[in-house]
Each structure stands twice: as C-alpha cells, then as structure tokens.
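Engineer: Take a look at the following structure, please.
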2 protein chains.
Amino acid sequence: MIPDIAFDALSTVLEGRVTRSKSDLDVHGRSETWFAPTPPDAVAYPETTQEVSAMMKVCYAHDIPVVAWGAGTSLEGQTLAIHGGLVVDFSRMNRVLQVNDADMDCRVQPGVTREQLNTDLRATGLMFPVDPGANASIGGMAMTRASGTTAVRYGTMRDNVIGLSVVLADGTIIETGSRARKSSAGYDLTALFVGSEGTLGLVTELSLRLYGQPEAISAAVCAFDDLDAAVNAVIATIQYGLPMARIEFLDVVSVQAVNAYSGANFPARPHLFVEFHGSQVSVADQVETFGDIVRDFGGSDFEWASKTEERNALWTMRHNAYYACLALKPGYKAVVTDICVPISKLAQAVEETAADIAASPLDGPILGHVGDGNFHAILLIEDANDADLGEAKRLAGRMAERALAMGGTITGEHGIGMGKKDLMQAEHGAAWTVMGALKSAMDPRNLMNPGKLVP
Amino acid sequence: MIPDIAFDALSTVLEGRVTRSKSDLDVHGRSETWFAPTPPDAVAYPETTQEVSAMMKVCYAHDIPVVAWGAGTSLEGQTLAIHGGLVVDFSRMNRVLQVNDADMDCRVQPGVTREQLNTDLRATGLMFPVDPGANASIGGMAMTRASGTTAVRYGTMRDNVIGLSVVLADGTIIETGSRARKSSAGYDLTALFVGSEGTLGLVTELSLRLYGQPEAISAAVCAFDDLDAAVNAVIATIQYGLPMARIEFLDVVSVQAVNAYSGANFPARPHLFVEFHGSQVSVADQVETFGDIVRDFGGSDFEWASKTEERNALWTMRHNAYYACLALKPGYKAVVTDICVPISKLAQAVEETAADIAASPLDGPILGHVGDGNFHAILLIEDANDADLGEAKRLAGRMAERALAMGGTITGEHGIGMGKKDLMQAEHGAAWTVMGALKSAMDPRNLMNPGKLVP
C-alpha cells in the first residue's frame with residue numbers, strides 16, 4: 001500500500017506523473033508469460049535522473065517497494081510488483097543522449113528500445129548489435145543481462161554496457177564505469193548492476209559500446225537430417241573459430257510453427273539460421289568454410305540471403321518464433337525457459353530435453369542461440385490448467401538440473417525474476433548467500449524489486 | 001603482529017608451510033616499483049583450497065590481515081602488507097587442473113603463470129592470450145584486472161575469467177560463474193572479484209576462456225615522423241574496425257631504450273608495433289588495409305615479421321621495454337603510471353603528457369597499448385630522492401586528472417593498490433562509498449588486503 005501522503009509527495013516530485021488509474025495498474029501488472037497478474041499500487045513516469053532520485057527519497061522515507069519497467073518483455077516475471085508498491089515506467093526516459101562516432105559509444109536513457117536506438121544510429125554507420133528478439137528497452141536488457149542472436153559474435157549486455165547512472169534505494173545518484181575501453185580502477189560496479197534485475201538500484205542512463213555496420217553481411221538457412229547433425233555442425237563451427245555473427249537452431253516443431261505463422265516454406269527438418277559479418281573478402285572466406293562444415297554434417301537446402309530485404313525477412317521470422325510457437329495452440333500460454341551449457345554438451349542437452357518433452361503431454365518447440373550453448377524450450381500450457389503448469393515447471397526444472405550437471409547455468413539470458421529463484425541455491429550454493437549480503441548492503445530496507453533474484 | 005598461538009595454528013593447518021624467516025619476509029615485502037619495503041609478519045604457502053579455507057578461519061579468529069601474493073609483479077604496491085599480517089604466496093598452487101579442448105576453457109590454480117599456461121596449452125592448439133608483459137600469475141592478473149598488448153582483440157581479464165573458487169574472510173568457500181559462455185543467473189560475482197585486488201577474498205581456482213591459436217600471424221614495426229601521426233594512425237585503424245591483435249606505441253625515448261637494451265636498431269622516431277591474427281586470407285586482407293592506413297599517415301620503415309622467431313624477438317623487446325627504460329638510468333627506480341582514455345582523445349592525452357614530462361626535470365618514456373586508448377609513462381626517479389618522487393607523483397597525478405577530464409579512467413590496467421587510492425574519490429565520487437559498503441559486507445573485519453583500493 002502507498003499511503004496518500006506518500007502518493008502526494010510522489011506526485012509533487014514527479015509533477016503529477018504518477019497514477020493509480022486501474023488501466024495503468026493493470027497494464028503494469030501483466031507479464032509476457034504465464035505469471036498471474038499482480039497490479040502495483042501506483043505507476044510513476046519519471047523524466048530525469050533527478051526526478052528518479054527525488055522519487056526514491058520519498059519511497060525510502062515511506063518504505064515503498066519499487067519495481068522498474070522498461071518494455072515489459074521479460075520472461076521470468078521480473079517486472080511484477082509481487083509486494084505491491086510503485087512500478088517505475090521508464091517510457092518517458094527514451095532519449096539517445098549522445099552518440100560518439102569516433103569512440104564508437106553512446107549514452108542513452110533506459111527507456112530507449114533497441115530498434116529505436118538502431119534507427120537513430122543508422123546514418124552514423126554504427127550499430128548496437130545485442131538483439132534478444134523482442135523490441136526490449138535498453139534498461140531492461142541491461143537489467144536481465146540480455147543477449148540473443150548476436151551474442152556469439154558481439155557478446156551480451158555484460159560486454160556492451162560500459163557505464164551507468166544509478167539511483168540507489170535512498171536516492172543517492174552514482175556513476176559507474178567511464179568512456180575508456182577498459183579500467184582497473186576498483187570494483188566493477190557496472191558488471192554488478194548489469195543482470196541485477198532492479199534489485200540494487202534504478203538505472204537512469206547507460207553508456208553502450210557500438211560497432212561499425214559490417215561492410216558485408218550474408219545470411220543463410222540450411223536443413224539437417226536430425227537434431228544431432230545440426231547441433232554437431234554448430235559445435236564444429238564454433239570450435240573452428242569461425243567468427244559467426246549469428247548461428248541459430250530451430251527444431252522441427254519450431255520450423256513448422258514459423259512456416260504457419262510467417263508463411264514460409266522450410267522443409268520440416270531441424271534448421272540452422274546463420275549470418276556472417278565482415279569485409280567482402282572475409283565474409284566470402286567464412287561462407288566457404290561454413291559450407292564445408294555443413295556438408296560434412298549432411299546439411300542441405302542451403303538458401304543464401306545477401307539482399308537486405310531477404311535478410312530482414314529471415315530474422316523477422318526468427319524473432320517472431322516465440323509468437324509463432326504460441327500460435328500453434330491458440331489461447332495457450334507458454335512457460336519459456338532457457339539454459340546454457342558448455343558447447344561440448346550441447347547435443348546431449350538438446351537431445352535429452354527433446355526426449356523429455358516428447359515423453360510429456362505438452363508441446364514444447366526447442367530453438368535457440370546455439371553458438372553460445374544456449375537454447376530455449378517454449379512449453380505450451382492451457383491457460384489456468386494447473387496440471388499443465390505443473391508439468392511445464394517439472395520439465396523446466398529438469399532442464400535446469402541438466403544444465404547444472406553439465407557445468408552450465410540455469411539461465412543463459414532470461415534471468416531469474418520469480419520463475420527461477422527456487423533454482424538459485426542449486427546453481428550457486430554459498431555464493432547465493434553472498435548475493436544476499438550484497439543486496440542487504442546496497443538496499444538494507446529491501447525496497448528494490450523485493451522478492452526477486454536474492455534469498 | 002601474529003601471536004604465537006595463531007602462528008602455531010597456521011602451521012598446523014598448513015603442515016608447517018608458514019614461515020617467519022627473515023629472507024622470506026624480505027622477499028615478500030618488496031614491490032616491483034618505488035614503494036618502500038614492508039615485510040609481513042609471516043608468509044604462508046598453501047597447496048589446496050581447503051588449506052586456504054582452514055588458514056582463513058585461523059586468521060579470522062585472530063584478526064590477522066591477509067595479503068595474496070602471485071608473482072609479485074604488480075605495479076601499484078598491491079601485494080605490500082602495509083598493516084602487517086600474513087602474505088599468502090600461491091606459488092605452490094601452480095597446477096593447470098583441467099583443459100577442455102572442445103569448450104575452449106580451462107581451470108587453473110592462481111599460482112600458474114601466463115607463460116607456464118601457454119606452454120602447457122601449446123600441444124592443444126589453444127592459447128590464453130591476455131598478456132601484461134610480465135610473466136605474472138593468473139591469480140594476480142585476475143585480481144588487478146590485467147590486460148596488456150592483446151586486449152584490443154581478446155579483451156582483458158574481465159572478459160576472460162569465467163568462474164572462480166574464492167575463500168572469503170571467514171573461510172567460507174564459494175564458487176562463482178560456470179562453464180557456460182553466458183549466464184543471467186544472478187549477480188555477476190566473477191566480475192566483482194576480478195579487479196578486487198584481494199580485498200574481498202582469496203581466489204584459489206580460476207576458469208579461463210581459451211582461444212584457438214591463429215592459423216596465420218603477422219607482426220610488423222613501422223616508424224612515424226611524429227607522435228601525432230603515429231597515434232592518429234592507431235585511431236584510424238580502430239575506427240576502421242580492423243581486428244588488430246596488438247597495436248602498441250613507443251615514443252622516441254622508448255625506442256632508444258629498446259635499441260640500447262635489446263641491441264635493436266630502430267630509427268629514433270615514434271613507432272607502432274602491430275600484430276594480426278586470423279586465417280591466411282583474413283591476415284593478408286588486414287595487412288593490406290593497415291598498410292594503406294599507415295601510408296595515409298606518413299608511416300615508413302615497415303618491417304614485417306612472419307617467422308615465429310622474428311615475432312618472438314619483437315615481442316620480447318616490447319615486453320622488456322620497462323626494464324629497457326629502467327636501464328636508461330642505472331640505479332634509478334620508476335614510478336610506472338597508466339591511464340586510459342576514449343580513443344578520440346588519445347592523441348591529445350599523449351601529447352599533453354609528453355609536454356608535461358618534457359617540462360619536468362625527469363625522464364619519462366611513454367609507451368602503451370594504444371588500441372585501447374591506454375598508455376604508460378615510466379617516470380624515472382633517483383632512489384631515495386624525495387624531490388624526484390614528489391615530481392613523479394605530480395606528473396602521474398596530472399595524467400590521471402587529464403584522463404578523468406577526457407571521460408577516461410585513472411588506470412587502464414595497473415590497478416589501484418596504494419599508488420592510486422588518493423585518486424579514487426575523483427574518479428568515482430559516491431560510487432567509491434558504495435565500493436566501501438560492498439567491502440564491509442564481504443569482509444566486516446577488514447582482514448583482506450586492508451588499506452588498499454576502498455576508502
């Protein structure tokens with residue numbers, strides 16, 4: 001609950017941009033996946049770092065929980081106000097503040113979306129490559145340590161956020177990082193905040209690393225006889241050291257879903273979607289080497305897309321795969337789960353997961369960013385069917401156990417939120433207690449996204 | 001002071017591998033640079049993580065400060081036991097525990113040196129590229145977030161340490177990270193420990209990312225008319241996106257020092273030392289592009305080294321540059337300082353620093369890993385000459401101020417230790433207080449390398 005006196009104080013510092021309207025609360029109480037809606041007590045729309053600081057001072061004084069909201073596309077319930085309180089919607093903080101062409105970096109507000117940023121950058125010859133599929137906000141991507149299709153080449157948000165402005169629980173504003181490409185000046189606070197899911201503070205500005213738009217890009221699709229051949233082709237490619245920009249796996253069900261949803265006509269076999277970036281010479285060299293590897297593993301039905309429109313169509317299909325899978329069973333929801341394993345274990349992890357799903361009553365297409373050893377199962381469940389939900393959680397739990405047994409992690413890119421908190425002890429042991437101690441040191445009143453991520 | 005009862009307890013858990021012999025204390029009381037010797041009260045030589053844990057429990061019970069020691073090559077006094085206590089020498093924990101060829105990662109103990117690791121890896125076709133010049137220990141490199149000549153291509157220790165075993169102040173053993181290439185499972189504790197200079201815990205194992213040894217390597221040396229032309233050639237190269245493996249700058253004095261020390265015969269002009277890694281096709285492509293850039297900036301006296309022995313000779317010269325500079329003035333010591341700035345500011349930063357040094361009575365060769373915007377001044381001072389030391393500190397302080405004014409950092413790779421603690425407030429402001437709060441949460445008795453890095 002937010003007492004009226006606190007609400008009024010918030011309204012004053014935010015010049016009226018805080019609301020308790022039912023529609024606003026409802027919109028900000030939903031998640032992208034299966035979690036039950038939990039509307040907050042109020043929604044704030046700050047416009048500046050100073051406003052966020054003033055707002056946090058009010059929340060700190062009145063013990064009001066605070067949950068950050070970017071584009072609402074997270075998959076593990078990160079944005080749900082499960083202890084009530086204030087959701088802070090950063091959609092009005094959506095400006096690209098600075099682009100430094102010469103240094104290939106930029107400064108943005110957290111509400112900027114990745115598509116908006118890349119549209120802004122187009123004329124500069126630069127790009128921000130991290131691409132989780134959804135048109136997420138940059139702030140949200142930083143907070144879940146997002147990655148996606150291009151991480152195999154350009155890294156994740158861990159690698160591409162170089163500095164932050166953060167408002168702490170008591171309203172203190174701090175700056176982390178610098179515009180230098182590296183530093184040994186003390187603890188890496190930037191890395192501590194990236195992936196913290198709003199539990200340590202509210203990010204109000206981000207400095208990002210940018211990259212030159214490649215001189216040449218080629219994309220391709222190829223089919224394999226079975227899952228094993230496709231995944232082993234990926235492993236061989238990575239071990240060869242080929243600098244792939246994207247290397248994505250879709251199983252048969254995913255391919256069928258994409259065909260149905262996007263009007264494509266891929267053969268009903270496991271596929272790889274790949275992309276190469278570089279100079280003309282280097283891309284030609286990569287394409288030739290990759291072709292050799294694919295042939296070694298019996299890959300076929302090669303289709304190259306070197307025109308921009310063809311490539312865009314291809315990646316739009318890939319990005320819509322989640323919605324394509326949902327559309328397989330109209331009215332169903334999905335438990336979307338992801339794990340990441342060492343590449344040598346990838347084939348085994350995918351096979352065992354596929355077998356597990358095949359033996360269950362649920363449908364669960366498998367696809368993912370396999371160049372990183374990262375893949376997803378989209379477990380389709382009937383809405384409000386507890387048996388389905390229980391079965392999906394059981395399958396997801398077994399995926400996570402499998403990942404840990406293989407030296408991997410319970411989530412490569414979706415994060416913890418509410419969905420995977422129960423698995424944190426199994427992954428981290430005593431280190432999870434350390435995370436809790438760090439949280440307590442930074443946020444002693446437990447106001448920042450309480451109930452998520454830490455014990 | 002370490003009371004006898006504590007020393008005896010340490011001796012028991014370490015099976016006698018703890019000593020108060022004067023020669024051991026003296027060796028572990030020295031640093032590589034200008035700091036006054038500060039021998040510890042005892043030196044321990046643990047052999048296992050369990051021993052380190054048992055040892056920390058004794059230290060925790062008796063409030064004994066603990067300082068980690070790898071190869072003793074840090075440059076800012078990181079290993080000096082300025083509050084007395086125990087230095088923990090990891091030289092007996094020097095085993096490569098595991099090499100996973102297929103996943104291109106390995107697990108090592110902290111006392112493994114980078115040369116030892118690469119010798120061990122040679123037959124696997126893999127390499128660990130991070131190269132700070134000195135034959136540092138991997139543990140020490142992680143703790144100072146070291147980088148060096150190859151960071152422009154392969155990143156720093158931040159990018160290449162993927163997991164740790166750490167013993168905390170109270171003896172608790174934690175594991176951070178996993179063998180997966182990415183994770184969104186909670187706070188990035190690995191990144192928090194990397195660069196923490198032993199102030200948060202003792203690292204007893206490290207998982208590292210490895211890379212395939214390149215199919216082709218070419219190195220080259222070229223001279224420029226002036227500093228400005230050399231540095232601007234670097235900026236153009238980086239902005240072009242050429243995937244340089246190394247791009248090093250040496251000013252005239254450094255070149256002369258290298259000539260005298262290593263019997264080389266480079267013209268007395270500013271130089272770049274560069275290296276390219278990749279496939280035969282890609283290296284040839286890179287070399288051609290780089291040649292065009294160098295010509296644009298008036299570079300000359302190109303010398304290519306494609307044979308392994310020639311390349312090794314070249315990089316040995318570069319690695320010995322610090323000793324070569326020291327040898328310019330026999331009996332002198334050096335204040336070795338480094339800063340890192342955005343690449344667009346590099347020419348200005350180097351020029352202003354050179355002018356500052358030229359106007360001072362000290363000699364100070366400038367050289368560095370300019371592809372990252374990172375460079376060093378080796379400020380030569382007469383031993384025990386307080387005026388020289390004061391002047392060197394003044395020059396180093398001005399370099400740091402210059403870096404901050406340009407959006408950079410007070411140290412790109414040497415770290416804070418004792419030498420740069422006074423500058424932390426200027427770089428981090430309130431974020432430095434946060435670092436102190438994290439330190440207190442992890443090490444409430446302030447036993448882990450006390451007096452370094454945090455307030």
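Residues are referred to by chain and number: the chain letter is A, B, ... according to the order shown in the structure tokens, the number counts from 1 in that chain, and ligands are numbered separately from 1 in the order shown.
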Please identify every residue of chain A that has at least one atom no more than 7 Å from any atom of chain B, counting only C-alpha atoms, and report them as a ChimeraX atom specification.

Structural biologist: /A:102-103,144-145,174-176,178-188,191-192,195-196,212,239,241,282,340-344,372,407-416,428,430-431,435,437-438,441,453

Engineer: Please provide as a short mmCIF file (atom, residue, chain, number, x, y, z; two decimals) with C-alpha atoms, in the first residue's frame all residues within 10 Å of Asn259 of chain A, with the sequence filter that same-chain residues fewer than 4 positions apart are discarded (counting only C-alpha atoms).

Structural biologist:
```cif
data_model
loop_
_atom_site.label_atom_id
_atom_site.label_comp_id
_atom_site.auth_asym_id
_atom_site.auth_seq_id
_atom_site.Cartn_x
_atom_site.Cartn_y
_atom_site.Cartn_z
CA VAL A 253 8.20 -28.10 -34.45
CA SER A 254 9.66 -24.59 -34.43
CA VAL A 255 10.18 -24.73 -38.19
CA GLY A 263 4.02 -18.06 -44.47
CA ALA A 264 7.40 -19.64 -45.03
CA ASN A 265 8.04 -22.94 -46.67
CA PHE A 266 11.00 -24.52 -44.93
CA PRO A 267 11.22 -28.33 -45.07
CA ALA A 268 10.05 -29.99 -41.86
CA MET A 317 10.71 -14.84 -38.89
CA ALA A 321 9.31 -17.63 -33.47
CA ALA A 324 4.69 -18.49 -33.94
#
```

Engineer: Go ahead and compute the interatomic distance for atom CA of Arg398 of chain B and atom CA of Gly419 of chain B, in Å to one decimal.

Structural biologist: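 That distance, rounded to one decimal, is 13.9 Å.
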
Engineer: Which residues are close to segment 223-234 of chain B, i.e. within 10 Å by only C-alpha atoms, leaving aside same-chain residues fewer than 4 positions away? Reply as a PyMOL selection string.

Structural biologist: chain B and resi 238-240+247-252+266-274+290+293-303+343-344+346-348+350-351+354+370-373

Engineer: Hey, can you spit out that residue selection with N, CA and C atoms as a compact mmCIF listing (two decimals), in the first residue's frame?

Structural biologist:
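Wrote it out as result14.txt, contents follow:
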```txt
# COMPACT_ATOMS: atom_id res chain seq x y z
N ILE B 238 41.52 1.67 -35.50
CA ILE B 238 40.47 1.19 -34.60
C ILE B 238 39.10 1.57 -35.16
N GLN B 239 39.00 2.81 -35.63
CA GLN B 239 37.71 3.26 -36.14
C GLN B 239 37.32 2.50 -37.41
N TYR B 240 38.32 2.05 -38.15
CA TYR B 240 38.03 1.26 -39.34
C TYR B 240 37.45 -0.10 -38.97
N ILE B 247 48.39 -3.58 -31.04
CA ILE B 247 48.81 -2.32 -31.66
C ILE B 247 49.39 -1.44 -30.57
N GLU B 248 50.73 -1.40 -30.57
CA GLU B 248 51.49 -0.81 -29.49
C GLU B 248 52.24 0.43 -29.94
N PHE B 249 52.29 1.42 -29.08
CA PHE B 249 53.01 2.65 -29.38
C PHE B 249 54.26 2.75 -28.52
N LEU B 250 55.37 3.19 -29.12
CA LEU B 250 56.59 3.52 -28.36
C LEU B 250 57.05 4.90 -28.80
N ASP B 251 57.30 5.78 -27.84
CA ASP B 251 57.81 7.10 -28.22
C ASP B 251 59.31 7.02 -28.47
N VAL B 252 59.91 8.15 -28.85
CA VAL B 252 61.32 8.15 -29.25
C VAL B 252 62.22 7.62 -28.14
N PHE B 266 66.25 0.33 -34.33
CA PHE B 266 65.12 1.07 -34.88
C PHE B 266 65.49 2.55 -35.01
N PRO B 267 65.00 3.23 -36.07
CA PRO B 267 65.26 4.67 -36.18
C PRO B 267 64.67 5.41 -34.98
N ALA B 268 65.29 6.48 -34.58
CA ALA B 268 64.88 7.23 -33.39
C ALA B 268 63.65 8.08 -33.69
N ARG B 269 62.54 7.37 -33.94
CA ARG B 269 61.26 8.03 -34.20
C ARG B 269 60.16 7.26 -33.49
N PRO B 270 59.00 7.87 -33.31
CA PRO B 270 57.90 7.11 -32.69
C PRO B 270 57.54 5.90 -33.54
N HIS B 271 57.23 4.78 -32.89
CA HIS B 271 56.95 3.54 -33.60
C HIS B 271 55.61 2.93 -33.20
N LEU B 272 55.06 2.17 -34.11
CA LEU B 272 53.99 1.23 -33.77
C LEU B 272 54.51 -0.19 -33.97
N PHE B 273 54.21 -1.05 -33.02
CA PHE B 273 54.43 -2.49 -33.15
C PHE B 273 53.04 -3.10 -33.30
N VAL B 274 52.80 -3.86 -34.35
CA VAL B 274 51.44 -4.39 -34.56
C VAL B 274 51.48 -5.89 -34.83
N PHE B 290 45.81 -2.23 -43.30
CA PHE B 290 46.64 -1.48 -42.35
C PHE B 290 47.74 -0.71 -43.08
N ILE B 293 46.43 2.48 -44.33
CA ILE B 293 46.24 3.48 -43.27
C ILE B 293 47.58 4.10 -42.88
N VAL B 294 48.59 3.26 -42.70
CA VAL B 294 49.90 3.76 -42.29
C VAL B 294 50.45 4.74 -43.33
N ARG B 295 50.30 4.39 -44.61
CA ARG B 295 50.77 5.30 -45.66
C ARG B 295 50.06 6.65 -45.59
N ASP B 296 48.75 6.58 -45.31
CA ASP B 296 47.98 7.84 -45.19
C ASP B 296 48.56 8.76 -44.12
N PHE B 297 49.17 8.17 -43.10
CA PHE B 297 49.71 8.99 -42.01
C PHE B 297 51.23 9.14 -42.08
N GLY B 298 51.77 8.84 -43.24
CA GLY B 298 53.20 9.06 -43.45
C GLY B 298 54.11 8.06 -42.76
N GLY B 299 53.58 6.92 -42.37
CA GLY B 299 54.42 5.90 -41.72
C GLY B 299 55.41 5.30 -42.69
N SER B 300 56.52 4.81 -42.17
CA SER B 300 57.55 4.27 -43.06
C SER B 300 58.36 3.21 -42.34
N ASP B 301 59.43 2.77 -42.99
CA ASP B 301 60.34 1.78 -42.42
C ASP B 301 59.60 0.54 -41.93
N PHE B 302 58.61 0.16 -42.72
CA PHE B 302 57.88 -1.07 -42.44
C PHE B 302 58.83 -2.25 -42.38
N GLU B 303 58.70 -3.04 -41.32
CA GLU B 303 59.43 -4.31 -41.28
C GLU B 303 58.45 -5.37 -40.86
N ILE B 343 39.33 6.69 -27.36
CA ILE B 343 40.32 6.71 -28.44
C ILE B 343 40.40 8.08 -29.12
N SER B 344 39.29 8.80 -29.18
CA SER B 344 39.29 10.12 -29.84
C SER B 344 40.15 11.13 -29.09
N LEU B 346 42.99 10.23 -27.53
CA LEU B 346 44.30 9.63 -27.28
C LEU B 346 45.46 10.53 -27.68
N ALA B 347 45.38 11.10 -28.89
CA ALA B 347 46.49 11.93 -29.36
C ALA B 347 46.71 13.10 -28.41
N GLN B 348 45.62 13.74 -28.04
CA GLN B 348 45.72 14.89 -27.12
C GLN B 348 46.30 14.46 -25.78
N VAL B 350 48.26 11.89 -25.06
CA VAL B 350 49.68 11.55 -25.16
C VAL B 350 50.52 12.81 -25.33
N GLU B 351 50.06 13.71 -26.18
CA GLU B 351 50.81 14.95 -26.43
C GLU B 351 50.95 15.78 -25.16
N ALA B 354 53.34 14.13 -22.82
CA ALA B 354 54.73 14.28 -23.28
C ALA B 354 55.24 15.69 -22.99
N VAL B 370 47.90 1.30 -27.21
CA VAL B 370 47.12 2.43 -27.65
C VAL B 370 45.83 2.05 -28.37
N GLY B 371 45.73 0.81 -28.81
CA GLY B 371 44.47 0.37 -29.42
C GLY B 371 43.30 0.44 -28.45
N ASP B 372 43.60 0.35 -27.16
CA ASP B 372 42.58 0.51 -26.12
C ASP B 372 42.46 1.95 -25.62
N GLY B 373 43.32 2.84 -26.11
CA GLY B 373 43.38 4.19 -25.53
C GLY B 373 44.18 4.22 -24.25
```

Engineer: Please return, as a ChimeraX atom specification, all residues of segment 5-202 of chain A that DSSP assigns to alpha helix (DSSP H) on the basis of the backbone.

Structural biologist: /A:5-13,22-27,49-61,114-121,138-143,151-154,157-160,189-193

Engineer: From the set A:Asp386, A:Asp131, A:Glu401, A:Asp292, which residue has the shortest atom-to-atom contact distance to Arg318 of chain A, counting only C-alpha atoms?

Structural biologist: A:Asp131

Engineer: Step one, run DSSP on the backbone; step two, keep only residues of segment 66-197 of chain A assigned to strand (DSSP E or B); then write them as a PyMOL selection string.

Structural biologist: chain A and resi 66-69+86-89+96-100+105-108+113+126-127+131+137+148+161-167+173-177

Engineer: As an exercise, work out the distance from atom CA of His62 of chain A to atom CA of Gly451 of chain A in Å and give it to one decimal place.

Structural biologist: 18.3 Å

Engineer: Please, what distance in Å, to one decimal, runs between atom CA of Met56 of chain B and atom CA of Leu25 of chain B?

Structural biologist: 19.3 Å

Engineer: Give me the residues within 12 Å of Ala71 of chain B as a list in words, counting only C-alpha atoms and dropping any in the same chain fewer than 6 places off.

Structural biologist: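 Within the cut-off, the hits are Val27, His28, Arg30, Ser31, Glu32, Gln78, Thr79, Val88, Asp89, Phe90, Ser91, Arg92, Met93, Asn94, Pro110, Gly111, Val112, Thr113, Arg114, Glu115, Ala134, Asn135, Ala136, Ser137, Ile138, Gly139, Gly140 and Met141 of chain B.
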
Engineer: Can you pull out the residues contacting Leu395 of chain A? Cut-off 9 Å, using only C-alpha atoms, and skip same-chain residues under 4 positions away; I want them as a list of chain:residue names.

Structural biologist: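 Result of the neighbour search: A:Thr353, A:Asp356, A:Ile357, A:Ser360, A:Leu379, A:Gly390, A:Glu391, A:Met399, A:Ala400.
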